[in-house]
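Visitor: Provided herewith is a single structure, encoded as structure tokens, for subsequent inquiry.
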Amino acid sequence: MAALLSLRDVSVRYGDLVAVDSVSLDLPGGEVLAVLGPSGCGKSTLLRSIAGLEPVSAGTVRFDGEDLAGRATHRRGFALMFQDGQLFAHLSVARNVGYALRLRRVPPATVAARVAELLELVGLAGYADRMPATLSGGERQRVALARALAVQPRLLLLDEPLSALDAALRESLAADLARILRESGTTALMVTHDHDEAFIVADRIAVMFSGRVVQQGPISGVWAEPVDAVTAEFLGYAGVLRDDAARRMAVAAGLEPGGLLALRRSALVVDPAGRLTGTVTAVLSTPELLRLQVDVPGVGRLHAVARLDARVAVGEQVPLVVEASRIARIPDSDA
Ligand code: ADP
């Protein structure tokens, strides 16, 4: 893999606190990397150090082969986008998006054409003359994205770009963000605490805890094989089975037994074809499906799902199909 952005053993210290601890990362051109971790794990600090906003206390940040140590932030050719798009309130949408182009003395007709193209790309054609105060949170973030892309940055750095939005909007905007980054061929690094967002937007993922990257790679690989139970839980797996419970579940899922198993909330589905049997201990109705708790003998209490029209009641025994694609294997070293 030829990396465009490459970090080697990068550390950032604030006095005695090591906010970023010997992080190495590689991001190929045209790909999107999500750095996923809980609040306070050091992801923003890492992003800021790549931008040149935070001095690196050890290690190297290279872009396109060049060590960026001596290169000032504004000379890196990177763009940044934050949680609150930080639009200029007194400028129209079009003037916000074209701001950096005007600074570079791009001819007005070229700016206008480029702004129109960008607004189309982010789904805001027709919004050129609106003022930021009249926009929804999602629309503001789209404008911020268009503004960040205007100068065709060599690298786009996104700091929790969707976290200020409500859940439903976050998901649809995440899908749009994924499309926009692909269509524009943008190389991007996004930090987020939201595993769904990371999964939707990114090609690659790096999981970060306490300043360290504990796992990184293509998203499907990380999802299918988290390095340990803590990482699995952070990736949204609802529980981790060990020992006998893991062995029984592996057999039911048609997998080779071995190691621990992490299960998503929807890994077990009520289905007459199921070979596993569980006793329902709780039923919760959601708009799309029923979420259940089931007691499976020899395995324990697990999450399961059923179709909305399934007739299941607490105390009943139900057949369960195990969705192997919703189970991840964790190496045994964690046991
Ligand atoms: P995240 O983005 O994952 O929430 P941050 O990178 O913001 O985490 O912070 C990582 C750690 O560094 C935290 O303990 C935070 O309090 C600390 N930190 C961040 N910025 C500074 C700063 N400018 N001065 C001192 N400590 C900081």
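Here's how to read the names in the structure tokens: chain A, B, ... by the order shown, residue numbers from 1 in each chain, ligand numbers from 1 in the order shown.
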Hey, what does DSSP flag as strand (DSSP E or B) within stretch 84-256 of chain A? Can you give it to me as a VMD selection string?

Guide: chain A and resid 155 to 159 188 to 192 204 to 209 212 to 218 239 to 241

Visitor: Once you have the residues from the selection above, write them out as a CSV table (one decimal), in the first residue's frame, restricted to N, CA, C and O atoms.

Guide:
chain,number,residue,atom,x,y,z
A,155,LEU,N,-5.6,17.0,1.5
A,155,LEU,CA,-6.1,16.2,2.5
A,155,LEU,C,-7.2,16.9,3.2
A,155,LEU,O,-7.0,18.1,3.6
A,156,LEU,N,-8.4,16.3,3.5
A,156,LEU,CA,-9.4,16.9,4.2
A,156,LEU,C,-9.5,16.3,5.6
A,156,LEU,O,-9.5,15.1,5.8
A,157,LEU,N,-9.4,17.1,6.6
A,157,LEU,CA,-9.4,16.7,8.0
A,157,LEU,C,-10.8,17.0,8.6
A,157,LEU,O,-11.1,18.2,8.7
A,158,LEU,N,-11.5,16.0,9.1
A,158,LEU,CA,-12.9,16.3,9.6
A,158,LEU,C,-12.9,15.9,11.1
A,158,LEU,O,-12.6,14.8,11.4
A,159,ASP,N,-13.2,16.9,11.9
A,159,ASP,CA,-13.3,16.6,13.3
A,159,ASP,C,-14.7,16.5,13.8
A,159,ASP,O,-15.4,17.5,13.9
A,188,ALA,N,-9.3,11.8,2.9
A,188,ALA,CA,-9.8,12.4,4.1
A,188,ALA,C,-9.5,11.6,5.3
A,188,ALA,O,-9.4,10.3,5.3
A,189,LEU,N,-9.3,12.3,6.4
A,189,LEU,CA,-9.2,11.7,7.8
A,189,LEU,C,-10.2,12.3,8.7
A,189,LEU,O,-10.3,13.5,8.8
A,190,MET,N,-11.1,11.4,9.2
A,190,MET,CA,-12.2,11.9,10.0
A,190,MET,C,-12.1,11.3,11.4
A,190,MET,O,-11.8,10.1,11.6
A,191,VAL,N,-12.2,12.2,12.4
A,191,VAL,CA,-12.2,11.6,13.8
A,191,VAL,C,-13.7,11.6,14.3
A,191,VAL,O,-14.4,12.5,14.0
A,192,THR,N,-14.0,10.5,14.9
A,192,THR,CA,-15.4,10.4,15.4
A,192,THR,C,-15.4,9.4,16.6
A,192,THR,O,-14.6,8.6,16.8
A,204,ARG,N,-11.2,2.9,5.7
A,204,ARG,CA,-10.3,2.3,6.7
A,204,ARG,C,-10.6,2.9,8.0
A,204,ARG,O,-11.1,4.0,8.1
A,205,ILE,N,-10.2,2.2,9.1
A,205,ILE,CA,-10.5,2.6,10.4
A,205,ILE,C,-9.3,2.4,11.3
A,205,ILE,O,-8.5,1.5,11.1
A,206,ALA,N,-9.1,3.3,12.2
A,206,ALA,CA,-8.1,3.2,13.3
A,206,ALA,C,-8.8,3.4,14.6
A,206,ALA,O,-9.5,4.4,14.8
A,207,VAL,N,-8.7,2.4,15.5
A,207,VAL,CA,-9.4,2.5,16.8
A,207,VAL,C,-8.4,3.0,17.8
A,207,VAL,O,-7.3,2.5,17.9
A,208,MET,N,-8.8,4.0,18.5
A,208,MET,CA,-7.9,4.7,19.5
A,208,MET,C,-8.4,4.7,20.9
A,208,MET,O,-9.6,5.0,21.1
A,209,PHE,N,-7.6,4.3,21.8
A,209,PHE,CA,-7.9,4.4,23.2
A,209,PHE,C,-6.7,5.0,24.0
A,209,PHE,O,-5.6,4.6,23.7
A,212,ARG,N,-3.5,5.8,22.2
A,212,ARG,CA,-2.8,4.8,21.3
A,212,ARG,C,-3.8,4.2,20.3
A,212,ARG,O,-5.0,4.0,20.6
A,213,VAL,N,-3.3,3.9,19.1
A,213,VAL,CA,-4.1,3.2,18.1
A,213,VAL,C,-3.9,1.7,18.4
A,213,VAL,O,-2.8,1.2,18.3
A,214,VAL,N,-5.1,1.1,18.8
A,214,VAL,CA,-5.0,-0.4,19.1
A,214,VAL,C,-5.2,-1.3,17.9
A,214,VAL,O,-4.9,-2.5,18.0
A,215,GLN,N,-5.8,-0.8,16.9
A,215,GLN,CA,-6.1,-1.6,15.7
A,215,GLN,C,-6.4,-0.7,14.5
A,215,GLN,O,-7.0,0.4,14.7
A,216,GLN,N,-5.9,-1.1,13.3
A,216,GLN,CA,-6.2,-0.3,12.1
A,216,GLN,C,-6.2,-1.2,10.9
A,216,GLN,O,-5.6,-2.3,10.9
A,217,GLY,N,-7.0,-0.8,9.9
A,217,GLY,CA,-7.0,-1.6,8.7
A,217,GLY,C,-8.3,-1.3,7.9
A,217,GLY,O,-9.1,-0.4,8.3
A,218,PRO,N,-8.5,-2.0,6.8
A,218,PRO,CA,-9.7,-1.8,6.1
A,218,PRO,C,-10.9,-2.1,7.0
A,218,PRO,O,-10.8,-3.0,7.9
A,239,GLY,N,-22.2,-7.7,23.0
A,239,GLY,CA,-21.7,-8.6,24.1
A,239,GLY,C,-20.6,-9.5,23.6
A,239,GLY,O,-20.5,-9.7,22.3
A,240,VAL,N,-19.8,-10.1,24.5
A,240,VAL,CA,-18.7,-10.9,24.1
A,240,VAL,C,-18.9,-12.3,24.8
A,240,VAL,O,-19.0,-12.3,26.0
A,241,LEU,N,-18.8,-13.3,24.1
A,241,LEU,CA,-18.9,-14.7,24.7
A,241,LEU,C,-17.5,-15.3,24.8
A,241,LEU,O,-16.7,-15.1,23.9

Visitor: What residues of the protein or nucleic acid chains come within 6 Å of ligand 1 when you use only C-alpha atoms and all ligand atoms? Reply as number ranges by chain.

Guide: A: 14, 19, 38-45

Visitor: Rounded to one decimal place, report the atom CA of A:Leu25-atom CA of A:Asp176 distance in Å.

Guide: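 Atom CA of A:Leu25 sits 25.5 Å away from atom CA of A:Asp176.
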
Visitor: Which residue, A:Arg265, A:Arg291, A:Arg13, A:Arg71, has the smallest gap to A:Ala58 when you use only C-alpha atoms?

Guide: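 Closest to A:Ala58, using only C-alpha atoms: A:Arg13.
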
Visitor: For A:Thr186, which residue out of A:Val18, A:Leu173, A:Val23, A:Ala146 is the nearest one, using only C-alpha atoms?

Guide: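 Of all the options, A:Ala146 lies closest to A:Thr186.
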
Visitor: Which residue is closest to A:Val122? Choose from A:Ala164, A:Ala198, A:Ala273, A:Ala148 and count only C-alpha atoms.

Guide: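 The shortest atom-to-atom distance to A:Val122 comes from A:Ala148.
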
Visitor: Counting only C-alpha atoms, figure out which residue out of A:Arg242, A:Arg247, A:Arg326, A:Arg301 gets nearest to A:Leu260.

Guide: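 Closest to A:Leu260, using only C-alpha atoms: A:Arg242.
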
Visitor: Measuring atom to atom with only C-alpha atoms, identify which of A:Val12, A:Val32, A:Val314, A:Val299 is nearest to A:Phe199.

Guide: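 Residue with the minimum atom-to-atom distance to A:Phe199: A:Val32.
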
Visitor: Once DSSP has gone over the backbone, tell me which residues of stretch 101-273 of chain A are in alpha helix (DSSP H), as a PDB file with N, CA and C atoms, in the first residue's frame.

Guide:
ATOM      1  N   LEU A 101     -11.404  30.733  -2.563  1.00  0.00           N
ATOM      2  CA  LEU A 101     -11.066  30.956  -3.978  1.00  0.00           C
ATOM      3  C   LEU A 101     -10.880  32.451  -4.234  1.00  0.00           C
ATOM      4  N   ARG A 102     -11.757  33.277  -3.629  1.00  0.00           N
ATOM      5  CA  ARG A 102     -11.607  34.729  -3.816  1.00  0.00           C
ATOM      6  C   ARG A 102     -10.291  35.211  -3.217  1.00  0.00           C
ATOM      7  N   LEU A 103      -9.945  34.645  -2.038  1.00  0.00           N
ATOM      8  CA  LEU A 103      -8.665  35.007  -1.409  1.00  0.00           C
ATOM      9  C   LEU A 103      -7.505  34.724  -2.360  1.00  0.00           C
ATOM     10  N   PRO A 108     -13.771  35.936 -10.885  1.00  0.00           N
ATOM     11  CA  PRO A 108     -15.134  35.777 -10.385  1.00  0.00           C
ATOM     12  C   PRO A 108     -15.977  34.756 -11.148  1.00  0.00           C
ATOM     13  N   ALA A 109     -15.849  34.718 -12.464  1.00  0.00           N
ATOM     14  CA  ALA A 109     -16.678  33.782 -13.240  1.00  0.00           C
ATOM     15  C   ALA A 109     -16.292  32.332 -12.907  1.00  0.00           C
ATOM     16  N   THR A 110     -14.987  32.108 -12.699  1.00  0.00           N
ATOM     17  CA  THR A 110     -14.520  30.757 -12.347  1.00  0.00           C
ATOM     18  C   THR A 110     -15.016  30.396 -10.951  1.00  0.00           C
ATOM     19  N   VAL A 111     -14.956  31.383 -10.020  1.00  0.00           N
ATOM     20  CA  VAL A 111     -15.445  31.139  -8.660  1.00  0.00           C
ATOM     21  C   VAL A 111     -16.921  30.762  -8.721  1.00  0.00           C
ATOM     22  N   ALA A 112     -17.710  31.529  -9.485  1.00  0.00           N
ATOM     23  CA  ALA A 112     -19.154  31.281  -9.550  1.00  0.00           C
ATOM     24  C   ALA A 112     -19.438  29.882 -10.085  1.00  0.00           C
ATOM     25  N   ALA A 113     -18.689  29.488 -11.111  1.00  0.00           N
ATOM     26  CA  ALA A 113     -18.923  28.167 -11.700  1.00  0.00           C
ATOM     27  C   ALA A 113     -18.552  27.061 -10.707  1.00  0.00           C
ATOM     28  N   ARG A 114     -17.431  27.263 -10.030  1.00  0.00           N
ATOM     29  CA  ARG A 114     -16.961  26.255  -9.064  1.00  0.00           C
ATOM     30  C   ARG A 114     -17.924  26.169  -7.871  1.00  0.00           C
ATOM     31  N   VAL A 115     -18.423  27.305  -7.409  1.00  0.00           N
ATOM     32  CA  VAL A 115     -19.366  27.319  -6.287  1.00  0.00           C
ATOM     33  C   VAL A 115     -20.646  26.570  -6.682  1.00  0.00           C
ATOM     34  N   ALA A 116     -21.136  26.829  -7.897  1.00  0.00           N
ATOM     35  CA  ALA A 116     -22.357  26.161  -8.355  1.00  0.00           C
ATOM     36  C   ALA A 116     -22.152  24.646  -8.393  1.00  0.00           C
ATOM     37  N   GLU A 117     -20.975  24.239  -8.870  1.00  0.00           N
ATOM     38  CA  GLU A 117     -20.648  22.807  -8.953  1.00  0.00           C
ATOM     39  C   GLU A 117     -20.601  22.169  -7.551  1.00  0.00           C
ATOM     40  N   LEU A 118     -19.995  22.903  -6.605  1.00  0.00           N
ATOM     41  CA  LEU A 118     -19.872  22.378  -5.238  1.00  0.00           C
ATOM     42  C   LEU A 118     -21.231  22.300  -4.553  1.00  0.00           C
ATOM     43  N   LEU A 119     -22.078  23.310  -4.774  1.00  0.00           N
ATOM     44  CA  LEU A 119     -23.398  23.284  -4.141  1.00  0.00           C
ATOM     45  C   LEU A 119     -24.227  22.130  -4.694  1.00  0.00           C
ATOM     46  N   GLU A 120     -24.053  21.861  -5.962  1.00  0.00           N
ATOM     47  CA  GLU A 120     -24.708  20.710  -6.581  1.00  0.00           C
ATOM     48  C   GLU A 120     -24.205  19.420  -5.910  1.00  0.00           C
ATOM     49  N   LEU A 121     -22.896  19.343  -5.762  1.00  0.00           N
ATOM     50  CA  LEU A 121     -22.276  18.143  -5.176  1.00  0.00           C
ATOM     51  C   LEU A 121     -22.814  17.855  -3.772  1.00  0.00           C
ATOM     52  N   GLY A 137     -29.113  22.740  10.763  1.00  0.00           N
ATOM     53  CA  GLY A 137     -27.776  22.282  11.140  1.00  0.00           C
ATOM     54  C   GLY A 137     -27.143  21.430  10.046  1.00  0.00           C
ATOM     55  N   GLY A 138     -27.941  20.557   9.445  1.00  0.00           N
ATOM     56  CA  GLY A 138     -27.431  19.676   8.389  1.00  0.00           C
ATOM     57  C   GLY A 138     -27.023  20.466   7.163  1.00  0.00           C
ATOM     58  N   GLU A 139     -27.827  21.473   6.821  1.00  0.00           N
ATOM     59  CA  GLU A 139     -27.489  22.300   5.655  1.00  0.00           C
ATOM     60  C   GLU A 139     -26.217  23.095   5.910  1.00  0.00           C
ATOM     61  N   ARG A 140     -26.069  23.561   7.133  1.00  0.00           N
ATOM     62  CA  ARG A 140     -24.843  24.320   7.460  1.00  0.00           C
ATOM     63  C   ARG A 140     -23.605  23.443   7.302  1.00  0.00           C
ATOM     64  N   GLN A 141     -23.723  22.176   7.728  1.00  0.00           N
ATOM     65  CA  GLN A 141     -22.559  21.290   7.605  1.00  0.00           C
ATOM     66  C   GLN A 141     -22.259  20.976   6.137  1.00  0.00           C
ATOM     67  N   ARG A 142     -23.305  20.930   5.309  1.00  0.00           N
ATOM     68  CA  ARG A 142     -23.073  20.718   3.871  1.00  0.00           C
ATOM     69  C   ARG A 142     -22.334  21.918   3.274  1.00  0.00           C
ATOM     70  N   VAL A 143     -22.717  23.119   3.713  1.00  0.00           N
ATOM     71  CA  VAL A 143     -22.034  24.321   3.213  1.00  0.00           C
ATOM     72  C   VAL A 143     -20.570  24.298   3.673  1.00  0.00           C
ATOM     73  N   ALA A 144     -20.369  23.919   4.937  1.00  0.00           N
ATOM     74  CA  ALA A 144     -18.997  23.866   5.460  1.00  0.00           C
ATOM     75  C   ALA A 144     -18.163  22.867   4.658  1.00  0.00           C
ATOM     76  N   LEU A 145     -18.782  21.764   4.282  1.00  0.00           N
ATOM     77  CA  LEU A 145     -18.071  20.751   3.504  1.00  0.00           C
ATOM     78  C   LEU A 145     -17.724  21.297   2.114  1.00  0.00           C
ATOM     79  N   ALA A 146     -18.701  21.952   1.476  1.00  0.00           N
ATOM     80  CA  ALA A 146     -18.451  22.535   0.151  1.00  0.00           C
ATOM     81  C   ALA A 146     -17.325  23.555   0.241  1.00  0.00           C
ATOM     82  N   ARG A 147     -17.336  24.349   1.317  1.00  0.00           N
ATOM     83  CA  ARG A 147     -16.287  25.365   1.480  1.00  0.00           C
ATOM     84  C   ARG A 147     -14.920  24.703   1.649  1.00  0.00           C
ATOM     85  N   ALA A 148     -14.891  23.613   2.425  1.00  0.00           N
ATOM     86  CA  ALA A 148     -13.614  22.924   2.645  1.00  0.00           C
ATOM     87  C   ALA A 148     -13.089  22.292   1.358  1.00  0.00           C
ATOM     88  N   LEU A 149     -14.003  21.836   0.496  1.00  0.00           N
ATOM     89  CA  LEU A 149     -13.585  21.161  -0.742  1.00  0.00           C
ATOM     90  C   LEU A 149     -13.234  22.142  -1.856  1.00  0.00           C
ATOM     91  N   ALA A 167     -29.808  12.292  15.563  1.00  0.00           N
ATOM     92  CA  ALA A 167     -29.441  10.942  15.103  1.00  0.00           C
ATOM     93  C   ALA A 167     -29.890  10.634  13.673  1.00  0.00           C
ATOM     94  N   ALA A 168     -31.129  10.928  13.330  1.00  0.00           N
ATOM     95  CA  ALA A 168     -31.646  10.558  12.010  1.00  0.00           C
ATOM     96  C   ALA A 168     -30.891  11.302  10.916  1.00  0.00           C
ATOM     97  N   LEU A 169     -30.679  12.583  11.157  1.00  0.00           N
ATOM     98  CA  LEU A 169     -29.985  13.424  10.185  1.00  0.00           C
ATOM     99  C   LEU A 169     -28.537  12.977  10.034  1.00  0.00           C
ATOM    100  N   ARG A 170     -27.956  12.568  11.169  1.00  0.00           N
ATOM    101  CA  ARG A 170     -26.558  12.160  11.169  1.00  0.00           C
ATOM    102  C   ARG A 170     -26.356  11.000  10.199  1.00  0.00           C
ATOM    103  N   GLU A 171     -27.280  10.057  10.232  1.00  0.00           N
ATOM    104  CA  GLU A 171     -27.131   8.880   9.390  1.00  0.00           C
ATOM    105  C   GLU A 171     -27.255   9.227   7.908  1.00  0.00           C
ATOM    106  N   SER A 172     -28.240  10.077   7.559  1.00  0.00           N
ATOM    107  CA  SER A 172     -28.407  10.381   6.137  1.00  0.00           C
ATOM    108  C   SER A 172     -27.258  11.261   5.650  1.00  0.00           C
ATOM    109  N   LEU A 173     -26.793  12.150   6.518  1.00  0.00           N
ATOM    110  CA  LEU A 173     -25.679  13.006   6.112  1.00  0.00           C
ATOM    111  C   LEU A 173     -24.376  12.202   6.017  1.00  0.00           C
ATOM    112  N   ALA A 174     -24.249  11.192   6.868  1.00  0.00           N
ATOM    113  CA  ALA A 174     -23.058  10.337   6.794  1.00  0.00           C
ATOM    114  C   ALA A 174     -23.003   9.652   5.434  1.00  0.00           C
ATOM    115  N   ALA A 175     -24.134   9.165   4.963  1.00  0.00           N
ATOM    116  CA  ALA A 175     -24.176   8.500   3.652  1.00  0.00           C
ATOM    117  C   ALA A 175     -23.837   9.500   2.551  1.00  0.00           C
ATOM    118  N   ASP A 176     -24.354  10.721   2.670  1.00  0.00           N
ATOM    119  CA  ASP A 176     -24.032  11.755   1.677  1.00  0.00           C
ATOM    120  C   ASP A 176     -22.554  12.111   1.725  1.00  0.00           C
ATOM    121  N   LEU A 177     -22.021  12.204   2.934  1.00  0.00           N
ATOM    122  CA  LEU A 177     -20.608  12.546   3.087  1.00  0.00           C
ATOM    123  C   LEU A 177     -19.744  11.481   2.394  1.00  0.00           C
ATOM    124  N   ALA A 178     -20.108  10.218   2.593  1.00  0.00           N
ATOM    125  CA  ALA A 178     -19.363   9.125   1.951  1.00  0.00           C
ATOM    126  C   ALA A 178     -19.388   9.312   0.434  1.00  0.00           C
ATOM    127  N   ARG A 179     -20.559   9.580  -0.113  1.00  0.00           N
ATOM    128  CA  ARG A 179     -20.690   9.746  -1.567  1.00  0.00           C
ATOM    129  C   ARG A 179     -19.892  10.953  -2.064  1.00  0.00           C
ATOM    130  N   ILE A 180     -20.004  12.063  -1.338  1.00  0.00           N
ATOM    131  CA  ILE A 180     -19.345  13.303  -1.770  1.00  0.00           C
ATOM    132  C   ILE A 180     -17.818  13.133  -1.766  1.00  0.00           C
ATOM    133  N   LEU A 181     -17.302  12.487  -0.725  1.00  0.00           N
ATOM    134  CA  LEU A 181     -15.845  12.293  -0.652  1.00  0.00           C
ATOM    135  C   LEU A 181     -15.366  11.396  -1.787  1.00  0.00           C
ATOM    136  N   ARG A 182     -16.149  10.350  -2.114  1.00  0.00           N
ATOM    137  CA  ARG A 182     -15.778   9.453  -3.226  1.00  0.00           C
ATOM    138  C   ARG A 182     -15.854  10.204  -4.555  1.00  0.00           C
ATOM    139  N   GLU A 183     -16.982  10.883  -4.776  1.00  0.00           N
ATOM    140  CA  GLU A 183     -17.183  11.572  -6.064  1.00  0.00           C
ATOM    141  C   GLU A 183     -16.113  12.622  -6.312  1.00  0.00           C
ATOM    142  N   HIS A 195     -19.395   4.721  15.966  1.00  0.00           N
ATOM    143  CA  HIS A 195     -18.973   3.620  15.090  1.00  0.00           C
ATOM    144  C   HIS A 195     -19.842   3.511  13.847  1.00  0.00           C
ATOM    145  N   ASP A 196     -21.119   3.872  13.951  1.00  0.00           N
ATOM    146  CA  ASP A 196     -21.977   3.814  12.753  1.00  0.00           C
ATOM    147  C   ASP A 196     -21.472   4.801  11.707  1.00  0.00           C
ATOM    148  N   GLU A 197     -21.151   6.000  12.187  1.00  0.00           N
ATOM    149  CA  GLU A 197     -20.651   7.045  11.293  1.00  0.00           C
ATOM    150  C   GLU A 197     -19.351   6.581  10.612  1.00  0.00           C
ATOM    151  N   ALA A 198     -18.454   6.022  11.403  1.00  0.00           N
ATOM    152  CA  ALA A 198     -17.182   5.535  10.855  1.00  0.00           C
ATOM    153  C   ALA A 198     -17.446   4.478   9.792  1.00  0.00           C
ATOM    154  N   PHE A 199     -18.356   3.575  10.095  1.00  0.00           N
ATOM    155  CA  PHE A 199     -18.643   2.468   9.186  1.00  0.00           C
ATOM    156  C   PHE A 199     -19.212   2.975   7.868  1.00  0.00           C
ATOM    157  N   ILE A 200     -20.104   3.968   7.947  1.00  0.00           N
ATOM    158  CA  ILE A 200     -20.762   4.481   6.737  1.00  0.00           C
ATOM    159  C   ILE A 200     -19.776   5.280   5.886  1.00  0.00           C
ATOM    160  N   VAL A 201     -18.949   6.093   6.524  1.00  0.00           N
ATOM    161  CA  VAL A 201     -18.150   7.061   5.771  1.00  0.00           C
ATOM    162  C   VAL A 201     -16.802   6.505   5.294  1.00  0.00           C
ATOM    163  N   ILE A 219     -12.004  -1.373   6.761  1.00  0.00           N
ATOM    164  CA  ILE A 219     -13.089  -1.386   7.740  1.00  0.00           C
ATOM    165  C   ILE A 219     -13.686  -2.778   7.937  1.00  0.00           C
ATOM    166  N   SER A 220     -13.819  -3.538   6.838  1.00  0.00           N
ATOM    167  CA  SER A 220     -14.464  -4.842   6.972  1.00  0.00           C
ATOM    168  C   SER A 220     -13.615  -5.779   7.833  1.00  0.00           C
ATOM    169  N   GLY A 221     -12.310  -5.680   7.695  1.00  0.00           N
ATOM    170  CA  GLY A 221     -11.413  -6.536   8.468  1.00  0.00           C
ATOM    171  C   GLY A 221     -11.472  -6.224   9.950  1.00  0.00           C
ATOM    172  N   VAL A 222     -11.471  -4.943  10.283  1.00  0.00           N
ATOM    173  CA  VAL A 222     -11.519  -4.540  11.688  1.00  0.00           C
ATOM    174  C   VAL A 222     -12.861  -4.966  12.289  1.00  0.00           C
ATOM    175  N   TRP A 223     -13.924  -4.797  11.508  1.00  0.00           N
ATOM    176  CA  TRP A 223     -15.252  -5.161  12.012  1.00  0.00           C
ATOM    177  C   TRP A 223     -15.364  -6.665  12.248  1.00  0.00           C
ATOM    178  N   ALA A 224     -14.750  -7.436  11.334  1.00  0.00           N
ATOM    179  CA  ALA A 224     -14.884  -8.888  11.413  1.00  0.00           C
ATOM    180  C   ALA A 224     -13.982  -9.485  12.478  1.00  0.00           C
ATOM    181  N   ALA A 229     -11.900  -7.516  23.420  1.00  0.00           N
ATOM    182  CA  ALA A 229     -13.301  -7.327  23.784  1.00  0.00           C
ATOM    183  C   ALA A 229     -13.669  -5.843  23.904  1.00  0.00           C
ATOM    184  N   VAL A 230     -12.758  -5.042  24.431  1.00  0.00           N
ATOM    185  CA  VAL A 230     -13.051  -3.609  24.595  1.00  0.00           C
ATOM    186  C   VAL A 230     -13.247  -2.946  23.236  1.00  0.00           C
ATOM    187  N   THR A 231     -12.384  -3.308  22.288  1.00  0.00           N
ATOM    188  CA  THR A 231     -12.502  -2.767  20.935  1.00  0.00           C
ATOM    189  C   THR A 231     -13.825  -3.215  20.309  1.00  0.00           C
ATOM    190  N   ALA A 232     -14.159  -4.494  20.483  1.00  0.00           N
ATOM    191  CA  ALA A 232     -15.420  -5.011  19.926  1.00  0.00           C
ATOM    192  C   ALA A 232     -16.597  -4.208  20.472  1.00  0.00           C
ATOM    193  N   GLU A 233     -16.604  -3.965  21.766  1.00  0.00           N
ATOM    194  CA  GLU A 233     -17.720  -3.219  22.347  1.00  0.00           C
ATOM    195  C   GLU A 233     -17.765  -1.802  21.804  1.00  0.00           C
ATOM    196  N   PHE A 234     -16.600  -1.207  21.593  1.00  0.00           N
ATOM    197  CA  PHE A 234     -16.592   0.148  21.047  1.00  0.00           C
ATOM    198  C   PHE A 234     -17.070   0.172  19.599  1.00  0.00           C
ATOM    199  N   ASP A 243     -15.217 -18.985  26.298  1.00  0.00           N
ATOM    200  CA  ASP A 243     -15.224 -20.390  26.716  1.00  0.00           C
ATOM    201  C   ASP A 243     -16.346 -21.195  26.073  1.00  0.00           C
ATOM    202  N   ASP A 244     -17.092 -21.904  26.945  1.00  0.00           N
ATOM    203  CA  ASP A 244     -18.148 -22.793  26.466  1.00  0.00           C
ATOM    204  C   ASP A 244     -19.225 -22.059  25.684  1.00  0.00           C
ATOM    205  N   ALA A 245     -19.601 -20.880  26.186  1.00  0.00           N
ATOM    206  CA  ALA A 245     -20.650 -20.095  25.520  1.00  0.00           C
ATOM    207  C   ALA A 245     -20.210 -19.763  24.095  1.00  0.00           C
ATOM    208  N   ALA A 246     -18.953 -19.383  23.937  1.00  0.00           N
ATOM    209  CA  ALA A 246     -18.431 -19.040  22.611  1.00  0.00           C
ATOM    210  C   ALA A 246     -18.410 -20.277  21.718  1.00  0.00           C
ATOM    211  N   ARG A 247     -18.021 -21.409  22.296  1.00  0.00           N
ATOM    212  CA  ARG A 247     -17.969 -22.652  21.497  1.00  0.00           C
ATOM    213  C   ARG A 247     -19.362 -23.042  21.009  1.00  0.00           C
ATOM    214  N   ARG A 248     -20.342 -22.989  21.908  1.00  0.00           N
ATOM    215  CA  ARG A 248     -21.711 -23.367  21.507  1.00  0.00           C
ATOM    216  C   ARG A 248     -22.236 -22.442  20.418  1.00  0.00           C
ATOM    217  N   MET A 249     -21.978 -21.160  20.571  1.00  0.00           N
ATOM    218  CA  MET A 249     -22.476 -20.192  19.599  1.00  0.00           C
ATOM    219  C   MET A 249     -21.787 -20.396  18.251  1.00  0.00           C
ATOM    220  N   ALA A 250     -20.495 -20.689  18.276  1.00  0.00           N
ATOM    221  CA  ALA A 250     -19.770 -20.912  17.018  1.00  0.00           C
ATOM    222  C   ALA A 250     -20.387 -22.093  16.271  1.00  0.00           C
ATOM    223  N   VAL A 251     -20.671 -23.154  16.991  1.00  0.00           N
ATOM    224  CA  VAL A 251     -21.263 -24.334  16.353  1.00  0.00           C
ATOM    225  C   VAL A 251     -22.628 -23.970  15.758  1.00  0.00           C
ATOM    226  N   ALA A 252     -23.438 -23.246  16.529  1.00  0.00           N
ATOM    227  CA  ALA A 252     -24.773 -22.864  16.040  1.00  0.00           C
ATOM    228  C   ALA A 252     -24.680 -21.962  14.819  1.00  0.00           C
ATOM    229  N   ALA A 253     -23.600 -21.174  14.736  1.00  0.00           N
ATOM    230  CA  ALA A 253     -23.442 -20.235  13.611  1.00  0.00           C
ATOM    231  C   ALA A 253     -22.729 -20.895  12.435  1.00  0.00           C
TER     232      ALA A 253
END

Visitor: What separation in Å, quoted to one decimal, exists between atom CA of A:Asp228 and atom CA of A:Ala328?

Guide: 10.5 Å

Visitor: Quick one: everything within 12 Å of A:Asp67, counting only C-alpha atoms, minus sequence neighbours fewer than 6 positions away in the same chain. Send it as a list in words.

Guide: Leu4, Leu5, Ser6, Leu7, Arg8, Ile50, Gly52, Gly59, Thr60, Val61 and Arg76 of chain A

Visitor: Which residue out of A:Ala89, A:Val97, A:Val20, A:Ala238 has the minimum interatomic distance to A:Val151 when only C-alpha atoms are used?

Guide: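 Checking each candidate against A:Val151, we get A:Val97 as the closest.
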